[in-house]
Amino acid sequence: MRGGGGRGRFDEEALDVKVDVQVVKRITPYIRPYVPHLLAGMFFMLAVSVTGLIQPLLMRRAIDTYITQNKDIAGLTRISLVYLAVYVLNWLCTYWQTYFVSWAGQNIIFNIRQNLFEHLQKLSFNFYDRIEVGRIMSRVTNDVNALSELVSSGILNVINDVFRLVGIIGIMLSLNWRLALLTFTTLPFLVLLATKFRWRMRRAYHEVRRKIATVNANLQESISGIRVVQSFTREDTNAARFDATNAENMQANMQAAQLHSMFGPLVDLVGVVGVAMVLWYGGNLVRTGILTVGTVYAFINYVNQFYMPIRDLAQVYNTWQSATVSIDRIFEVLETEPEVQDAPGAYELPPIDGRVVFDDVTFGYYPERPILHDINLIAEPGQTIALVGPTGAGKSSIINLLSRFYDPQEGSITIDGHDLRDVKLKSLHDQMGIVLQDTFLFSGTIRDNICYGRPDATDEEIYAAARAVNAHEFIMRLPDGYNTEVHERGARLSIGQRQLISFARALICDPRILILDEATSSVDAYTEVIIQQALDRLLEGRTAFVIAHRLSTIRNADKIIVIDQGRIVEQGTHEELLEKPDGLYRLLYEMQYKHQEIA
Amino acid sequence: MKEVSRLFRYVLRYWPRVLLALILMFMGTALTMLQPKIIQWTFDSVYEEGKWHLLVWMALATIGATVLQGIVNYVERITMEWVGQRTIYDLRNRIYNHLQSLSFSFYDTAQTGELMSRATADVEQLRRFVTFGVMRLVGNFVTFVFVLFTLLAMDWKLTLLSLGTMPLLGWAVAAFNTRVRPRYRLIQEEMAKLTTTLQENISGVRVVRAYAQEEREIEKFRERNWSYLEENITTVRLWAFYFPLMTFITGFGTTLILWYGGRQVILGALTLGQMIAFNSLLGRLIRPVRMLGWLVNMYSQASAAAQRVFEILDTQPEVKDKPGAIELPPIQGNVHFDNVSFAYDGVNLVLHDINIEAKQGQRIAILGGTGSGKSTLINLLPRFYDVTKGAVKIDGIDVRDVTLESLRRQIGIVLQETFLFSATIRENIAYGRLNASNEEVIAAAKAARIHDFIISLPNGYDTVVGERGVGLSGGQKQRIAIARALLLDPRILILDDSLSAVDTETEYLIQQALEELMKNRTSFVIAQRLSTVKNADQIIILDNGRIVERGTHETLLAAGGIYKEIYDLQFRKQEETNGLLEQVSTEGGDS
């Protein structure tokens, strides 16, 4: 992944985690359907190991029986052919082993990823409020990828490595147990290298990654903030700071490189001590006629094969560690219950008129801290309700409840008498249009975005919707019209244009109830007028709940609901509310007016 | 090729070490030949001929050879690693400093992500190439030649026979390189597509839910997920064919040695020890060939990376000190735009014949629609761009005649997008004046009406903000930026006072902070706040790069031109609406 993306905090790589058997239990249901493939893979894997194990034996036989003793050229040719056949077998078995194992692994990963994504589609906003986009992303991408190593090879490799190790040891013991035992004295050193030393290397590389992350973060910031840097002529100071982090990075790299460069020669050294012992002690045995030359050769070969399975086994522990962390993260998501879901026996909401009633609603994102208290309000079909109040008063919570993004703790919300909790979510959202403050557009064409909620909309309907919200004209002026790609590489749309497109997106669904969070971002005067007109058309003939920031919207509302600290403190029309001498609405209005005059 | 040789110029600055590494590499390679030879002698002289007194020495010699080889290899690698790391360290510093010197015009078109990827991923690619690739490339070649001659010296017929597998191996390596390797990029591309789909889904989750499109999103994701799986499996199948194929070809060579070599031994033309040594040397001959594909790939990647990296270094900053530029003396703050025209591309003018005369301490408000040239105009003053025609003068001195540093040091700039660095609030405020005392920082924060907020934070002025720190609201950031400019105490101020969604309390604080900031300074303000415009000494209205109206609030309003129109549309409403909806009682927090 490219650096810097996502808001997620830098997820510290796990260095020391207890491996948990729970891990296997959790992924068992995913693995079960692919057990036949995995078994087939296992079979070929063991076959590959067998080919590796018997080659030195064949060589031994060739040397002893055919070359040194019988001097049998025909026999030598035969055994050479067998030797070649073993290689062919190795090739085929490797192919099938890899194929079966990765087929199963990829499918398992596919299923986990798909489940994770589908579950994310069900989770309530509580979840999205709690966890940043970057972190959710990394669970579906990085964590699942980390798992793929475990399921595709991690488990099988353990079995295979043990098999190989036991095979080598067994063959050596059966060839000559004294010589075997002598060479086994090198094993503890290999184990030590594969664990302790590699652990130190891992730590060193961990440090390297941390340092390079610092370098990159520094760089990123300087590029993003270049205008400020140059404005404040900070170039020299910044250069000195960058030089310092850069040097630290180099140092960390050197440290890791030192360990790394020492590692290879050390493994070689332990290996060669084993070889020397075979040469020397095996030689003595050859002298006394106990051992053949071919056996010495085979021994040298097996000693050289020792290290691989030991290293792999040590590696498996790391794979399991990181898989444990990843699985924890993945299942944390999968095991989060959606708080808002269809009740058993939920029914389809029939076509509605749009009468909305909040009946004594109390709600808090954390139940122990209510944000809304005893909200009672009625919206008749076709009315526009403006929600007004200070930041944090609870305006957004009201529209979140009406959209049933959350459920209230007390009281109920009904539409045409249907309690929201009794109907199917989809049928509710199908009849409701929601326009949020940050107008999110998907990558794809403008057309795709407008008909997002109704993929089957005809071109005429799309144009009509765009025209109604004053978007048609500017869309047609774009190089590719409705087929202009938004997002990246595509045309850059202004904030105002994005808003208009999101209006069209809502309008084309022709919802009975419209929820609108007016954007507060500043647009130029001309766009402002256009948006105003578009809004009027959008609100026409629907029950609308608007978090209002424009005076015109408020003035035109059928009812203004003034909210303060989670309670409705006033409601009425603009004129009615202005008449209340000590009302909050009037207070706000007047204070603002005075305030403008001071400035 | 050209790019890589350029890279080598950086490497060769440290030529004594490179030379040392090369010498060590030759020694190491020669030592590699030793071990199979010792085993050969053991088998032949000791086991066959019965010189048993040599046995112990042979065993010790293998260990000795390996220890020696290990030491040589270790020193070689460390030396080369140092060279590589040092080269990259130099290169990184060069890139960083160069990026800092590049003009705004460069950043207008460059994309941060693209730049980042060059300065990080590409540089990292070069590091791997220098520390590892170069030495292996040379080392493998040397090894190949060494081994080849050793083999030929032992038995040229057997050598030629076993070399018969080389073309096959070469073909397999090439096939692997052209058919399997590129697929890994395809896998990454599939993963990128999947990630994009995912990211959009999560960022747009509210829209997805609001329009009840979960099913469609799931289908979309399934498609991506599936093509990722298919791409992976296709690649694995290819890999599983070609990779063990290379092992097979190697095994074929070994079989030939066994068959023909064994025959020679039986016939007495070769000793058993020679045959064994032959076999193990052949393995060492094959390694370089198998690695060749990988190395060629690394080379071509490094070459491409070098090209991208040097492209940055080759970009000349458009705005730079002219030879003999003088230090701008402490200024009074009289600014004169003298018949200024400007085009970003040198052809299509976006500013035409701009004349503005700002006296010391005056406030100039600049108004105009999107694309009218407001930002362009103010960017010319600190010389973020150079004028195409005319001149910008401060106290009568053309800004092009003075050093950039002395010019920009005397100009305070508050941009529309407030950028804070990942550092403490204190460091952010003192950004332009590192040596500012604590009292000065606090005084600036107080004047910017942000002090009370800062001390309400648990860590006060030591709170870390910015991309990787505590999130601040737009209004808070803006005031920190104002404090940052205040601390600089510039004679000239450039200000983009964009409105952002803030509540009344914050809006009020920002207005006060701005007034404080503009006091007694020559200010150029892209104004959206009525308060800033009303108090301006000159209001300049820009349209399509030309000044269409100028005057004060009263004269322009009376004249009834564009200004009045803007006023009616934008400011009057501000007067009415602004802050109506938000309450004063909220304590400094804003939306």
# chains A, B, ... in the order shown; residues from 1 in each chain; ligands from 1

call {"tool": "residues_around", "arguments": {"residues": "segment 405-421 of chain B", "least_positions_apart": "2", "cutoff": "9 Å", "atoms": "only C-alpha atoms", "output": "JSON, numbers by chain"}}
result
{"A": [221, 222, 224, 225, 227, 228, 230, 231, 232, 233], "B": [321, 326, 327, 328, 329, 330, 331, 381, 382, 383, 399, 402, 403, 423, 424, 425, 427, 428, 432, 464, 465, 466, 467, 468, 469, 474, 477, 478, 480, 481, 482, 484, 485, 486, 488, 489, 490, 491, 492, 493, 494, 495, 496, 497, 498]}

call {"tool": "select_by_dssp", "arguments": {"residues": "segment 333-521 of chain A", "states": "alpha helix (DSSP H)", "output": "VMD selection string"}}
result
chain A and resid 333 to 334 395 to 402 425 to 430 446 to 450 459 to 468 472 to 477 495 to 507

call {"tool": "closest_residue", "arguments": {"among": "A:Leu535, A:Cys509, A:Ile169, A:Met201", "to": "chain B", "atoms": "only C-alpha atoms"}}
result
A:Cys509

call {"tool": "decode", "arguments": {"residues": "segment 18-30 of chain B", "atoms": "all heavy atoms", "output": "PDB file, in the first residue's frame"}}
result
ATOM      1  N   VAL B  18      33.890   0.874  -2.486  1.00  0.00           N
ATOM      2  CA  VAL B  18      33.413   0.020  -3.567  1.00  0.00           C
ATOM      3  C   VAL B  18      34.537  -0.913  -4.015  1.00  0.00           C
ATOM      4  O   VAL B  18      34.335  -2.112  -4.218  1.00  0.00           O
ATOM      5  CB  VAL B  18      32.913   0.869  -4.757  1.00  0.00           C
ATOM      6  CG1 VAL B  18      32.482  -0.021  -5.910  1.00  0.00           C
ATOM      7  CG2 VAL B  18      31.751   1.748  -4.324  1.00  0.00           C
ATOM      8  N   LEU B  19      35.725  -0.328  -4.122  1.00  0.00           N
ATOM      9  CA  LEU B  19      36.883  -1.109  -4.539  1.00  0.00           C
ATOM     10  C   LEU B  19      37.164  -2.231  -3.545  1.00  0.00           C
ATOM     11  O   LEU B  19      37.365  -3.397  -3.923  1.00  0.00           O
ATOM     12  CB  LEU B  19      38.103  -0.184  -4.643  1.00  0.00           C
ATOM     13  CG  LEU B  19      39.314  -0.769  -5.370  1.00  0.00           C
ATOM     14  CD1 LEU B  19      38.985  -1.005  -6.832  1.00  0.00           C
ATOM     15  CD2 LEU B  19      40.513   0.166  -5.237  1.00  0.00           C
ATOM     16  N   LEU B  20      37.138  -1.861  -2.262  1.00  0.00           N
ATOM     17  CA  LEU B  20      37.365  -2.856  -1.210  1.00  0.00           C
ATOM     18  C   LEU B  20      36.340  -3.990  -1.340  1.00  0.00           C
ATOM     19  O   LEU B  20      36.692  -5.177  -1.313  1.00  0.00           O
ATOM     20  CB  LEU B  20      37.238  -2.194   0.169  1.00  0.00           C
ATOM     21  CG  LEU B  20      37.296  -3.137   1.363  1.00  0.00           C
ATOM     22  CD1 LEU B  20      38.696  -3.715   1.507  1.00  0.00           C
ATOM     23  CD2 LEU B  20      36.887  -2.422   2.652  1.00  0.00           C
ATOM     24  N   ALA B  21      35.082  -3.604  -1.528  1.00  0.00           N
ATOM     25  CA  ALA B  21      34.027  -4.616  -1.635  1.00  0.00           C
ATOM     26  C   ALA B  21      34.287  -5.531  -2.824  1.00  0.00           C
ATOM     27  O   ALA B  21      34.101  -6.743  -2.749  1.00  0.00           O
ATOM     28  CB  ALA B  21      32.667  -3.947  -1.754  1.00  0.00           C
ATOM     29  N   LEU B  22      34.732  -4.926  -3.930  1.00  0.00           N
ATOM     30  CA  LEU B  22      35.008  -5.726  -5.129  1.00  0.00           C
ATOM     31  C   LEU B  22      36.121  -6.742  -4.873  1.00  0.00           C
ATOM     32  O   LEU B  22      36.003  -7.916  -5.237  1.00  0.00           O
ATOM     33  CB  LEU B  22      35.397  -4.811  -6.292  1.00  0.00           C
ATOM     34  CG  LEU B  22      34.230  -4.241  -7.085  1.00  0.00           C
ATOM     35  CD1 LEU B  22      34.724  -3.232  -8.116  1.00  0.00           C
ATOM     36  CD2 LEU B  22      33.457  -5.361  -7.779  1.00  0.00           C
ATOM     37  N   ILE B  23      37.188  -6.256  -4.235  1.00  0.00           N
ATOM     38  CA  ILE B  23      38.316  -7.157  -3.955  1.00  0.00           C
ATOM     39  C   ILE B  23      37.859  -8.306  -3.068  1.00  0.00           C
ATOM     40  O   ILE B  23      38.148  -9.481  -3.324  1.00  0.00           O
ATOM     41  CB  ILE B  23      39.464  -6.378  -3.283  1.00  0.00           C
ATOM     42  CG1 ILE B  23      40.040  -5.375  -4.285  1.00  0.00           C
ATOM     43  CG2 ILE B  23      40.544  -7.336  -2.782  1.00  0.00           C
ATOM     44  CD1 ILE B  23      40.985  -4.370  -3.666  1.00  0.00           C
ATOM     45  N   LEU B  24      37.103  -7.947  -2.032  1.00  0.00           N
ATOM     46  CA  LEU B  24      36.603  -8.963  -1.117  1.00  0.00           C
ATOM     47  C   LEU B  24      35.714  -9.964  -1.838  1.00  0.00           C
ATOM     48  O   LEU B  24      35.728 -11.159  -1.555  1.00  0.00           O
ATOM     49  CB  LEU B  24      35.827  -8.316   0.031  1.00  0.00           C
ATOM     50  CG  LEU B  24      36.686  -7.541   1.035  1.00  0.00           C
ATOM     51  CD1 LEU B  24      35.811  -6.737   1.974  1.00  0.00           C
ATOM     52  CD2 LEU B  24      37.552  -8.509   1.826  1.00  0.00           C
ATOM     53  N   MET B  25      34.954  -9.431  -2.802  1.00  0.00           N
ATOM     54  CA  MET B  25      34.066 -10.326  -3.517  1.00  0.00           C
ATOM     55  C   MET B  25      34.846 -11.359  -4.325  1.00  0.00           C
ATOM     56  O   MET B  25      34.493 -12.530  -4.363  1.00  0.00           O
ATOM     57  CB  MET B  25      33.169  -9.523  -4.428  1.00  0.00           C
ATOM     58  CG  MET B  25      31.982 -10.287  -4.893  1.00  0.00           C
ATOM     59  SD  MET B  25      31.284  -9.480  -6.275  1.00  0.00           S
ATOM     60  CE  MET B  25      32.674  -9.540  -7.348  1.00  0.00           C
ATOM     61  N   PHE B  26      35.925 -10.912  -4.964  1.00  0.00           N
ATOM     62  CA  PHE B  26      36.770 -11.853  -5.701  1.00  0.00           C
ATOM     63  C   PHE B  26      37.331 -12.921  -4.776  1.00  0.00           C
ATOM     64  O   PHE B  26      37.316 -14.105  -5.075  1.00  0.00           O
ATOM     65  CB  PHE B  26      37.922 -11.100  -6.395  1.00  0.00           C
ATOM     66  CG  PHE B  26      37.530 -10.568  -7.734  1.00  0.00           C
ATOM     67  CD1 PHE B  26      37.133  -9.245  -7.888  1.00  0.00           C
ATOM     68  CD2 PHE B  26      37.539 -11.388  -8.843  1.00  0.00           C
ATOM     69  CE1 PHE B  26      36.748  -8.752  -9.122  1.00  0.00           C
ATOM     70  CE2 PHE B  26      37.156 -10.904 -10.088  1.00  0.00           C
ATOM     71  CZ  PHE B  26      36.765  -9.577 -10.224  1.00  0.00           C
ATOM     72  N   MET B  27      37.803 -12.447  -3.608  1.00  0.00           N
ATOM     73  CA  MET B  27      38.350 -13.395  -2.653  1.00  0.00           C
ATOM     74  C   MET B  27      37.289 -14.401  -2.222  1.00  0.00           C
ATOM     75  O   MET B  27      37.526 -15.608  -2.169  1.00  0.00           O
ATOM     76  CB  MET B  27      38.864 -12.659  -1.408  1.00  0.00           C
ATOM     77  CG  MET B  27      40.171 -11.932  -1.644  1.00  0.00           C
ATOM     78  SD  MET B  27      40.569 -10.860  -0.246  1.00  0.00           S
ATOM     79  CE  MET B  27      40.683 -12.056   1.063  1.00  0.00           C
ATOM     80  N   GLY B  28      36.104 -13.866  -1.912  1.00  0.00           N
ATOM     81  CA  GLY B  28      35.012 -14.728  -1.455  1.00  0.00           C
ATOM     82  C   GLY B  28      34.668 -15.774  -2.491  1.00  0.00           C
ATOM     83  O   GLY B  28      34.468 -16.950  -2.176  1.00  0.00           O
ATOM     84  N   THR B  29      34.605 -15.341  -3.747  1.00  0.00           N
ATOM     85  CA  THR B  29      34.256 -16.267  -4.817  1.00  0.00           C
ATOM     86  C   THR B  29      35.309 -17.371  -4.944  1.00  0.00           C
ATOM     87  O   THR B  29      34.983 -18.552  -5.097  1.00  0.00           O
ATOM     88  CB  THR B  29      34.134 -15.521  -6.155  1.00  0.00           C
ATOM     89  OG1 THR B  29      33.326 -14.371  -5.948  1.00  0.00           O
ATOM     90  CG2 THR B  29      33.506 -16.396  -7.210  1.00  0.00           C
ATOM     91  N   ALA B  30      36.577 -16.966  -4.855  1.00  0.00           N
ATOM     92  CA  ALA B  30      37.646 -17.962  -4.953  1.00  0.00           C
ATOM     93  C   ALA B  30      37.528 -18.974  -3.816  1.00  0.00           C
ATOM     94  O   ALA B  30      37.694 -20.182  -4.015  1.00  0.00           O
ATOM     95  CB  ALA B  30      39.000 -17.266  -4.908  1.00  0.00           C
TER      96      ALA B  30
END
